[in-house]
>>> print(open('input.csv').read())   # CSV, C-alpha atoms
chain,number,residue,atom,x,y,z
A,212,MET,CA,0.0,0.0,0.0
A,213,LYS,CA,2.9,2.4,0.8
A,214,GLU,CA,4.2,2.0,-2.7
A,215,VAL,CA,1.1,3.6,-4.2
A,216,ALA,CA,0.6,6.3,-1.6
A,217,ASP,CA,1.9,9.9,-2.0
A,218,SER,CA,4.6,10.9,0.4
A,219,TYR,CA,3.4,12.5,3.7
A,220,GLU,CA,4.4,16.2,3.6
A,221,ARG,CA,5.3,17.1,7.1
A,222,ASP,CA,5.8,20.8,6.4
A,223,MET,CA,2.4,21.0,4.8
A,224,ARG,CA,0.8,19.5,7.8
A,225,THR,CA,2.6,21.8,10.2
A,226,TRP,CA,1.7,24.9,8.1
A,227,PHE,CA,-2.0,23.8,8.1
A,228,VAL,CA,-2.0,23.5,11.9
A,229,ASP,CA,-0.1,26.8,12.3
A,230,ASP,CA,-2.8,28.5,10.2
A,231,LEU,CA,-5.7,27.0,12.2
A,232,ILE,CA,-4.1,28.1,15.5
A,233,ARG,CA,-3.3,31.6,14.1
A,234,VAL,CA,-6.9,32.2,12.9
A,235,HIS,CA,-8.9,30.6,15.6
A,236,THR,CA,-7.7,32.5,18.6
A,237,GLN,CA,-9.8,32.9,21.8
A,238,GLU,CA,-10.5,36.5,20.8
A,239,ALA,CA,-11.6,35.6,17.3
A,240,ILE,CA,-13.9,32.8,18.6
A,241,ALA,CA,-15.5,35.2,21.1
A,242,LYS,CA,-16.1,37.8,18.5
A,243,VAL,CA,-18.3,35.4,16.5
A,244,GLY,CA,-21.1,35.9,19.0
A,245,GLY,CA,-23.9,33.4,18.6
A,246,GLY,CA,-23.5,30.4,16.4
A,247,ALA,CA,-25.4,30.0,13.2
A,248,SER,CA,-27.6,27.3,14.8
A,249,ASP,CA,-28.7,26.7,18.4
A,250,SER,CA,-29.0,22.9,17.7
A,251,MET,CA,-27.3,20.5,20.2
A,252,LYS,CA,-28.1,17.6,17.9
A,253,PRO,CA,-24.6,17.3,16.4
A,254,VAL,CA,-22.0,15.5,18.5
A,255,PHE,CA,-18.4,15.1,17.5
A,256,VAL,CA,-16.5,12.1,18.8
A,257,ILE,CA,-12.9,12.7,17.9
A,258,GLY,CA,-9.3,11.7,18.6
A,259,MET,CA,-6.2,10.5,16.9
A,260,MET,CA,-7.1,7.5,14.8
A,261,ARG,CA,-7.8,4.3,16.7
A,262,PRO,CA,-8.2,5.9,20.1
A,263,GLY,CA,-11.5,4.2,21.1
A,264,THR,CA,-14.0,6.4,19.2
A,265,SER,CA,-15.8,3.4,17.9
A,266,LEU,CA,-16.3,2.1,21.4
A,267,VAL,CA,-17.6,5.5,22.6
A,268,ASP,CA,-19.9,5.7,19.5
A,269,GLN,CA,-21.3,2.3,20.4
A,270,ILE,CA,-21.9,3.2,24.0
A,271,ILE,CA,-23.6,6.5,23.4
A,272,SER,CA,-25.7,5.3,20.4
A,273,SER,CA,-27.0,2.5,22.6
A,274,HIS,CA,-29.1,5.2,24.2
A,275,PRO,CA,-32.6,5.4,22.7
A,276,ASP,CA,-32.3,9.2,22.2
A,277,ALA,CA,-29.0,9.0,20.3
A,278,GLN,CA,-28.1,7.8,16.8
A,279,ARG,CA,-24.8,7.2,15.1
A,280,ALA,CA,-24.0,8.8,11.7
A,281,GLY,CA,-20.7,7.1,11.1
A,282,GLU,CA,-17.8,9.0,9.7
A,283,LEU,CA,-19.3,11.9,7.7
A,284,ALA,CA,-17.2,13.8,5.2
A,285,CYS,CA,-19.2,17.0,5.5
A,286,TRP,CA,-16.7,19.1,7.4
A,287,HIS,CA,-13.7,17.8,5.5
A,288,ASP,CA,-15.4,18.7,2.2
A,289,ALA,CA,-16.6,22.1,3.5
A,290,VAL,CA,-13.2,23.1,4.8
A,291,GLY,CA,-11.6,21.9,1.5
A,292,GLU,CA,-14.0,24.0,-0.5
A,293,HIS,CA,-13.4,27.1,1.7
A,294,GLU,CA,-9.8,26.4,2.8
A,295,ALA,CA,-8.2,29.6,1.5
A,296,VAL,CA,-10.8,31.7,3.4
A,297,ILE,CA,-10.7,29.6,6.6
A,298,ARG,CA,-6.9,30.0,6.7
A,299,GLN,CA,-7.4,33.8,6.7
A,300,GLY,CA,-10.2,34.2,9.2
A,301,VAL,CA,-13.4,32.9,10.7
A,302,HIS,CA,-16.3,32.5,8.2
A,303,GLY,CA,-18.9,35.3,8.0
A,304,LYS,CA,-22.5,34.7,9.3
A,305,ALA,CA,-24.0,33.9,5.9
A,306,VAL,CA,-21.5,31.1,5.2
A,307,ARG,CA,-21.9,29.7,8.7
A,308,ALA,CA,-25.6,29.6,8.2
A,309,ARG,CA,-25.2,27.7,5.0
A,310,LEU,CA,-22.9,25.2,6.7
A,311,ALA,CA,-25.4,24.7,9.5
A,312,ASP,CA,-28.3,24.1,7.2
A,313,ALA,CA,-26.4,21.7,5.0
A,314,TYR,CA,-25.1,19.6,8.0
A,315,LEU,CA,-28.5,19.5,9.7
A,316,ARG,CA,-30.0,18.1,6.5
A,317,VAL,CA,-27.4,15.4,6.4
A,318,LEU,CA,-28.1,14.5,10.1
A,319,ALA,CA,-31.8,14.5,9.4
A,320,ARG,CA,-31.2,11.6,7.0
A,321,GLN,CA,-29.9,9.6,9.9
A,322,SER,CA,-32.7,10.4,12.3
A,323,VAL,CA,-35.4,13.1,12.6
A,324,ASP,CA,-36.2,12.4,16.3
A,325,ALA,CA,-32.8,11.7,17.9
A,326,GLN,CA,-31.6,14.2,20.5
A,327,SER,CA,-28.0,13.5,19.7
A,328,ILE,CA,-26.4,12.3,16.4
A,329,ILE,CA,-22.8,11.2,16.5
A,330,ASP,CA,-20.3,12.0,13.8
A,331,LYS,CA,-17.0,10.3,14.5
A,332,ALA,CA,-14.9,11.2,11.5
A,333,PHE,CA,-11.3,11.5,12.9
A,334,LEU,CA,-10.4,14.4,10.7
A,335,ASN,CA,-13.1,16.5,12.5
A,336,SER,CA,-10.5,17.2,15.1
A,337,ASP,CA,-9.0,19.7,12.6
A,338,TYR,CA,-12.2,21.6,12.2
A,339,LEU,CA,-13.4,22.2,15.8
A,340,GLY,CA,-13.0,26.0,15.4
A,341,VAL,CA,-15.2,26.0,12.3
A,342,PHE,CA,-17.7,23.6,13.9
A,343,HIS,CA,-18.0,25.7,17.1
A,344,SER,CA,-18.5,28.9,15.1
A,345,VAL,CA,-21.5,27.2,13.5
A,346,PHE,CA,-22.9,25.1,16.4
A,347,GLN,CA,-21.8,26.8,19.6
A,348,LYS,CA,-24.1,24.7,21.8
A,349,ALA,CA,-23.0,21.4,20.3
A,350,ARG,CA,-20.7,19.1,22.3
A,351,ILE,CA,-17.4,17.3,21.5
A,352,ILE,CA,-16.1,14.2,23.1
A,353,TYR,CA,-12.3,13.9,22.8
A,354,MET,CA,-10.9,10.4,23.1
A,355,ARG,CA,-7.4,10.4,24.5
A,356,ARG,CA,-5.2,7.3,24.4
A,357,ASN,CA,-1.5,6.5,25.2
A,358,PRO,CA,0.1,8.1,22.0
A,359,ILE,CA,2.4,5.1,21.4
A,360,GLY,CA,-0.6,2.7,21.6
A,361,ALA,CA,-2.7,4.8,19.3
A,362,CYS,CA,0.1,5.2,16.7
A,363,LEU,CA,1.0,1.5,16.7
A,364,SER,CA,-2.7,0.6,16.2
A,365,CYS,CA,-2.7,2.9,13.2
A,366,TYR,CA,0.5,1.4,11.8
A,367,PHE,CA,-0.8,-2.2,12.0
A,368,GLN,CA,-4.1,-1.3,10.4
A,369,GLN,CA,-4.3,-1.3,6.6
A,370,PHE,CA,-5.8,2.1,5.7
A,371,SER,CA,-6.4,3.9,2.5
A,372,PRO,CA,-3.3,5.3,0.7
A,373,ALA,CA,-4.9,8.7,1.4
A,374,LEU,CA,-3.8,8.2,5.1
A,375,ASN,CA,-0.2,8.1,4.1
A,376,PHE,CA,1.1,9.2,7.5
A,377,THR,CA,0.0,5.8,8.9
A,378,MET,CA,2.6,3.9,6.8
A,379,ASP,CA,5.8,5.0,8.5
A,380,LEU,CA,6.5,5.3,12.3
A,381,SER,CA,8.4,8.6,12.0
A,382,ASP,CA,5.5,10.1,10.0
A,383,LEU,CA,3.0,8.8,12.5
A,384,ALA,CA,5.1,10.4,15.3
A,385,HIS,CA,5.1,13.8,13.5
A,386,TYR,CA,1.3,13.6,12.7
A,387,TYR,CA,0.6,12.8,16.4
A,388,ARG,CA,2.6,15.7,17.6
A,389,GLU,CA,0.7,18.1,15.3
A,390,HIS,CA,-2.6,16.5,16.4
A,391,HIS,CA,-1.7,16.9,20.0
A,392,ARG,CA,-0.6,20.5,19.5
A,393,LEU,CA,-3.9,21.4,17.7
A,394,MET,CA,-6.0,19.6,20.3
A,395,ALA,CA,-4.2,21.5,23.1
A,396,HIS,CA,-5.1,24.7,21.3
A,397,TRP,CA,-8.8,23.8,20.9
A,398,ARG,CA,-9.1,22.8,24.5
A,399,GLY,CA,-7.6,26.2,25.5
A,400,VAL,CA,-9.7,28.5,23.3
A,401,LEU,CA,-13.1,26.9,23.1
A,402,PRO,CA,-15.4,27.7,26.1
A,403,PRO,CA,-15.4,25.4,29.1
A,404,GLY,CA,-18.0,22.6,28.8
A,405,THR,CA,-17.6,22.3,25.0
A,406,ILE,CA,-15.1,19.4,25.0
A,407,LEU,CA,-15.1,16.4,27.3
A,408,GLY,CA,-11.8,14.5,27.4
A,409,VAL,CA,-12.2,10.8,27.9
A,410,PRO,CA,-9.1,8.7,28.6
A,411,TYR,CA,-9.3,5.4,26.8
A,412,GLU,CA,-7.3,3.5,29.4
A,413,GLU,CA,-9.6,4.6,32.2
A,414,LEU,CA,-12.7,3.7,30.1
A,415,VAL,CA,-11.6,0.2,29.4
A,416,THR,CA,-10.5,-0.5,33.0
A,417,ASP,CA,-13.5,1.2,34.7
A,418,GLN,CA,-16.3,1.5,32.3
A,419,GLU,CA,-19.2,2.6,34.5
A,420,PRO,CA,-18.1,6.2,35.6
A,421,TRP,CA,-17.3,7.3,32.1
A,422,THR,CA,-20.4,5.6,30.6
A,423,ARG,CA,-22.5,7.6,33.1
A,424,LYS,CA,-20.6,10.8,32.4
A,425,MET,CA,-20.7,10.9,28.6
A,426,PRO,CA,-24.5,10.8,28.2
A,427,GLU,CA,-24.8,13.3,31.0
A,428,PHE,CA,-22.4,15.6,29.1
A,429,LEU,CA,-24.8,15.4,26.2
A,430,ASN,CA,-27.9,16.1,28.3
A,431,LEU,CA,-29.1,12.5,27.8
A,432,GLU,CA,-31.0,10.8,30.6
A,433,ARG,CA,-29.3,7.9,32.3
A,434,ASP,CA,-30.0,4.6,30.5
A,435,GLN,CA,-28.8,1.1,31.4
A,436,ARG,CA,-28.5,0.3,27.7
A,437,CYS,CA,-25.3,2.4,27.5
A,438,LEU,CA,-23.7,0.1,30.1
A,439,GLU,CA,-24.8,-2.9,28.0
A,440,PHE,CA,-23.7,-1.4,24.7
A,441,TYR,CA,-22.4,-4.8,23.5
A,442,GLU,CA,-26.0,-6.1,23.2
A,443,SER,CA,-27.1,-3.3,20.9
A,444,GLU,CA,-28.6,-4.3,17.6
A,445,ARG,CA,-27.4,-1.2,15.8
A,446,SER,CA,-24.8,-1.8,13.0
A,447,VAL,CA,-21.1,-0.9,13.3
A,448,ALA,CA,-19.2,-0.1,10.1
A,449,THR,CA,-15.6,0.3,11.3
A,450,ALA,CA,-12.2,-1.4,11.5
A,451,SER,CA,-13.2,-1.9,15.2
A,452,TYR,CA,-16.3,-3.9,14.4
A,453,TRP,CA,-15.5,-7.0,16.4
A,454,PRO,CA,-14.2,-5.3,19.6
A,455,VAL,CA,-17.2,-3.0,20.0
A,456,ARG,CA,-19.5,-5.9,19.7
A,457,GLN,CA,-17.9,-7.4,22.9
A,458,ARG,CA,-17.8,-6.4,26.5
A,459,ILE,CA,-15.0,-3.9,27.2
A,460,TYR,CA,-11.6,-5.6,27.0
A,461,THR,CA,-8.2,-4.3,28.2
A,462,ASP,CA,-5.8,-6.3,26.1
A,463,SER,CA,-4.8,-3.4,23.8
A,464,ALA,CA,-4.1,-0.7,26.4
A,465,GLU,CA,-0.4,-1.6,27.0
A,466,ARG,CA,0.2,-4.0,24.2
A,467,TRP,CA,2.8,-1.6,22.7
A,468,ARG,CA,5.3,-2.5,25.5
A,469,ASN,CA,5.9,-5.9,23.9
A,470,CYS,CA,7.7,-4.3,21.0
A,471,GLU,CA,9.3,-1.3,22.6
A,472,LYS,CA,12.7,-2.0,21.2
A,473,LEU,CA,11.4,-1.9,17.6
A,474,ILE,CA,9.5,1.4,17.8
A,475,SER,CA,12.1,4.0,18.6
A,476,PRO,CA,10.5,6.8,16.4
A,477,LEU,CA,7.5,6.7,18.7
A,478,LEU,CA,9.2,6.6,22.1
A,479,ASP,CA,9.6,10.4,22.4
A,480,LEU,CA,5.8,10.6,22.4
A,481,LYS,CA,5.7,9.2,25.9
A,482,SER,CA,6.4,12.8,27.1
A,483,LEU,CA,3.1,14.0,25.7
A,484,ASP,CA,-0.2,13.7,27.6
A,485,SER,CA,-2.4,11.0,26.0
>>> encode(input="input.csv", output="structure tokens")
Amino acid sequence: MKEVADSYERDMRTWFVDDLIRVHTQEAIAKVGGGASDSMKPVFVIGMMRPGTSLVDQIISSHPDAQRAGELACWHDAVGEHEAVIRQGVHGKAVRARLADAYLRVLARQSVDAQSIIDKAFLNSDYLGVFHSVFQKARIIYMRRNPIGACLSCYFQQFSPALNFTMDLSDLAHYYREHHRLMAHWRGVLPPGTILGVPYEELVTDQEPWTRKMPEFLNLERDQRCLEFYESERSVATASYWPVRQRIYTDSAERWRNCEKLISPLLDLKSLDS
């Protein structure tokens, strides 16, 4: 697969993150005022690839008032269409209103009645500034995982050539550092209560507290079905299909230690918070 993929351009990734941080300052976000929509229906479940987002998606969508949408391309496509403008400043009200209407129409195809609809496209972590400027009352769940474990899980998974950074450990380390830098920025500039950080290792070792906390964060009433997510009849279209159909297991949390001598490009990531 690596032979047919374009090379990962580290400088391009760094410049993109630099521009997002430069444009979406705390002051710029505050100046937006109200969002284009008051809807709390959209929910982002994000994180570096393979951080447990499929597990969280399955837990929350087991609630009768929640519905999964899978990995939607809406925000990636919208930012791609308007990238030059976004890298210069926050969108004006008219554009944000169009983005809100278009996204809500997509979510309506998943469910008209659901209180929360989950979009877990991992690239959405790049677009939190845009997303918040459109849906200021919407909520974001950020899955955090040991960075070495997350990167190794990506490396051993066969992804599309478009995800070229997953095919080399040094590229993965660079991508993770940029992801970590951008997420630190979003968590610093978005209002308190917008993002809930969920540590993967804590979720898999002590499920119940986080399984209670996540629906509460989304203003969903407590429901036992979230604790019994593995019995859900709802379909799962993901590389994590088999694990999320089981009770929570802990085997993968520290599996990377078995090959520590072979993963030197990733070891410096241990200094970063997961």
>>> atom_distance(input="input.csv", atom1="atom CA of A:Trp226", atom2="atom CA of A:Ser364")
26.0 Å
>>> closest_residue(input="input.csv", among="A:Ala241, A:Met425, A:Leu231, A:Ile406", to="A:Ala349", atoms="all atoms listed in the file")
A:Ile406
>>> atom_distance(input="input.csv", atom1="atom CA of A:Ser482", atom2="atom CA of A:Val234")
27.5 Å
>>> residues_around(input="input.csv", residues="A:Ser322", least_positions_apart="6", cutoff="9 Å", atoms="all atoms listed in the file", output="ChimeraX atom specification")
/A:277-280,328
>>> write_last_selection(input="input.csv", atoms="C-alpha atoms", output="PDB file, keeping the file's coordinate frame")
ATOM      1  CA  ALA A 277     -29.000   9.000  20.300  1.00  0.00           C
ATOM      2  CA  GLN A 278     -28.100   7.800  16.800  1.00  0.00           C
ATOM      3  CA  ARG A 279     -24.800   7.200  15.100  1.00  0.00           C
ATOM      4  CA  ALA A 280     -24.000   8.800  11.700  1.00  0.00           C
ATOM      5  CA  ILE A 328     -26.400  12.300  16.400  1.00  0.00           C
TER       6      ILE A 328
END
>>> atom_distance(input="input.csv", atom1="atom CA of A:Val345", atom2="atom CA of A:Gly246")
4.8 Å
>>> residues_around(input="input.csv", residues="stretch 330-343 of chain A", least_positions_apart="5", cutoff="7 Å", atoms="all atoms listed in the file", output="PDB file with C-alpha atoms, in the frame of the given file")
ATOM      1  CA  HIS A 235      -8.900  30.600  15.600  1.00  0.00           C
ATOM      2  CA  VAL A 254     -22.000  15.500  18.500  1.00  0.00           C
ATOM      3  CA  PHE A 255     -18.400  15.100  17.500  1.00  0.00           C
ATOM      4  CA  VAL A 256     -16.500  12.100  18.800  1.00  0.00           C
ATOM      5  CA  ILE A 257     -12.900  12.700  17.900  1.00  0.00           C
ATOM      6  CA  GLY A 258      -9.300  11.700  18.600  1.00  0.00           C
ATOM      7  CA  MET A 259      -6.200  10.500  16.900  1.00  0.00           C
ATOM      8  CA  MET A 260      -7.100   7.500  14.800  1.00  0.00           C
ATOM      9  CA  THR A 264     -14.000   6.400  19.200  1.00  0.00           C
ATOM     10  CA  ARG A 279     -24.800   7.200  15.100  1.00  0.00           C
ATOM     11  CA  ALA A 280     -24.000   8.800  11.700  1.00  0.00           C
ATOM     12  CA  GLY A 281     -20.700   7.100  11.100  1.00  0.00           C
ATOM     13  CA  GLU A 282     -17.800   9.000   9.700  1.00  0.00           C
ATOM     14  CA  LEU A 283     -19.300  11.900   7.700  1.00  0.00           C
ATOM     15  CA  TRP A 286     -16.700  19.100   7.400  1.00  0.00           C
TER      16      TRP A 286
END
>>> residues_around(input="input.csv", residues="A:Val296", least_positions_apart="5", cutoff="12 Å", atoms="all atoms listed in the file", output="NGL selection string")
:A and (230-231 or 234 or 289-291 or 301-303 or 306 or 341)
>>> residues_near_point(input="input.csv", point="(0.2, 5.1, 11.1)", cutoff="7 Å", atoms="all atoms listed in the file", output="ChimeraX atom specification")
/A:362-363,365-366,376-380,383
>>> residues_around(input="input.csv", residues="A:Tyr219", least_positions_apart="2", cutoff="7 Å", atoms="all atoms listed in the file", output="PyMOL selection string")
chain A and resi 217+221+375-376
>>> closest_residue(input="input.csv", among="A:Met354, A:His293, A:Trp397, A:Leu483", to="A:Val267", atoms="all atoms listed in the file")
A:Met354
>>> closest_residue(input="input.csv", among="A:Ser248, A:Arg233, A:Asp382, A:Asp222", to="A:Arg307", atoms="all atoms listed in the file")
A:Ser248
